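Undergrad: Submitted below is the structure of interest, expressed as structure tokens.
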Amino acid sequence: MASLNGVITRDPEILGGTPVFRGTRVPFQALLDYIEGGQTLGEFLDDFPTVTREAAVDALEHAKDLVVGGL
């Protein structure tokens, strides 16, 4: 199992290796899809109660660092 930042993991045994929030089967992509669709972080957390606010924010900050830090 590979940990991408401590909050997001990738395991070929879980959803075919799709990056998910640690300890869940919730893909990180689901959070991005919610935001892209104009939904709030709160709505995402309501729909996926196994993901904590802290984990979601940490994952988004890590993604931001990868994009902004790479420019």
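Residues are referred to by chain and number: the chain letter is A, B, ... according to the order shown in the structure tokens, the number counts from 1 in that chain, and ligands are numbered separately from 1 in the order shown.
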Using only C-alpha atoms, which residues sit within 10 Å of range 15-30 of chain A once same-chain residues fewer than 6 positions away are excluded, as a PyMOL selection string?
TA: chain A and resi 1-9+36+44+48-52+55-56+59-60
Undergrad: DSSP on the backbone, then: every residue of chain A marked strand (DSSP E), written as an MDAnalysis selection string.
TA: chainID A and resid 2:3 8:10 20:21
Undergrad: Save out the residues we just selected, C-alpha atoms, as a CSV table (one decimal), in the first residue's frame.
TA:
```
chain,number,residue,atom,x,y,z
A,2,ALA,CA,1.4,3.4,-1.0
A,3,SER,CA,0.7,6.5,1.1
A,8,ILE,CA,-4.5,9.5,0.8
A,9,THR,CA,-3.4,5.9,0.0
A,10,ARG,CA,-3.3,3.8,-3.0
A,20,VAL,CA,-8.6,6.9,-1.5
A,21,PHE,CA,-8.8,8.5,1.9
```
Undergrad: How far is it from CA of Tyr34 in chain A to CA of Ile14 in chain A, in Å with one decimal?
TA: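 These atoms are spaced 21.2 Å apart.
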Undergrad: Which of these, A:Ala63, A:Asp58, A:Arg53, A:Pro12, has the shortest distance to Thr40 in chain A once you count only C-alpha atoms?
TA: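 Using only C-alpha atoms, Thr40 in chain A sits closest to A:Arg53.
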Undergrad: Could you pull out the alpha helix (DSSP H) residues of chain A from DSSP and send them as a PDB file with C-alpha atoms, in the first residue's frame?
TA:
```pdb
ATOM      1  CA  PHE A  28     -10.017  11.471  -3.495  1.00  0.00           C
ATOM      2  CA  GLN A  29     -11.475  12.141  -6.949  1.00  0.00           C
ATOM      3  CA  ALA A  30     -14.938  12.238  -5.356  1.00  0.00           C
ATOM      4  CA  LEU A  31     -13.920  15.318  -3.359  1.00  0.00           C
ATOM      5  CA  LEU A  32     -12.574  17.007  -6.467  1.00  0.00           C
ATOM      6  CA  ASP A  33     -15.780  16.158  -8.350  1.00  0.00           C
ATOM      7  CA  TYR A  34     -17.891  17.717  -5.588  1.00  0.00           C
ATOM      8  CA  ILE A  35     -15.884  20.924  -5.655  1.00  0.00           C
ATOM      9  CA  GLU A  36     -15.885  21.036  -9.443  1.00  0.00           C
ATOM     10  CA  LEU A  41     -16.819  20.699   1.490  1.00  0.00           C
ATOM     11  CA  GLY A  42     -19.598  20.360   4.058  1.00  0.00           C
ATOM     12  CA  GLU A  43     -21.844  18.639   1.520  1.00  0.00           C
ATOM     13  CA  PHE A  44     -19.052  16.225   0.648  1.00  0.00           C
ATOM     14  CA  LEU A  45     -18.459  15.445   4.321  1.00  0.00           C
ATOM     15  CA  ASP A  46     -22.187  14.916   4.899  1.00  0.00           C
ATOM     16  CA  ASP A  47     -22.309  12.427   2.023  1.00  0.00           C
ATOM     17  CA  ARG A  53     -12.792  17.464   7.684  1.00  0.00           C
ATOM     18  CA  GLU A  54      -9.110  17.384   8.651  1.00  0.00           C
ATOM     19  CA  ALA A  55      -8.381  14.607   6.135  1.00  0.00           C
ATOM     20  CA  ALA A  56     -10.220  16.421   3.339  1.00  0.00           C
ATOM     21  CA  VAL A  57      -8.436  19.723   4.004  1.00  0.00           C
ATOM     22  CA  ASP A  58      -5.040  17.985   4.293  1.00  0.00           C
ATOM     23  CA  ALA A  59      -5.628  16.220   0.976  1.00  0.00           C
ATOM     24  CA  LEU A  60      -6.599  19.452  -0.756  1.00  0.00           C
ATOM     25  CA  GLU A  61      -3.573  21.248   0.694  1.00  0.00           C
ATOM     26  CA  HIS A  62      -1.315  18.455  -0.544  1.00  0.00           C
ATOM     27  CA  ALA A  63      -2.849  18.676  -4.032  1.00  0.00           C
ATOM     28  CA  LYS A  64      -2.374  22.457  -3.991  1.00  0.00           C
ATOM     29  CA  ASP A  65       1.269  22.053  -2.984  1.00  0.00           C
ATOM     30  CA  LEU A  66       1.847  19.657  -5.866  1.00  0.00           C
ATOM     31  CA  VAL A  67       0.327  22.055  -8.389  1.00  0.00           C
ATOM     32  CA  VAL A  68       1.505  25.407  -7.066  1.00  0.00           C
ATOM     33  CA  GLY A  69       4.860  24.133  -5.871  1.00  0.00           C
TER      34      GLY A  69
END
```
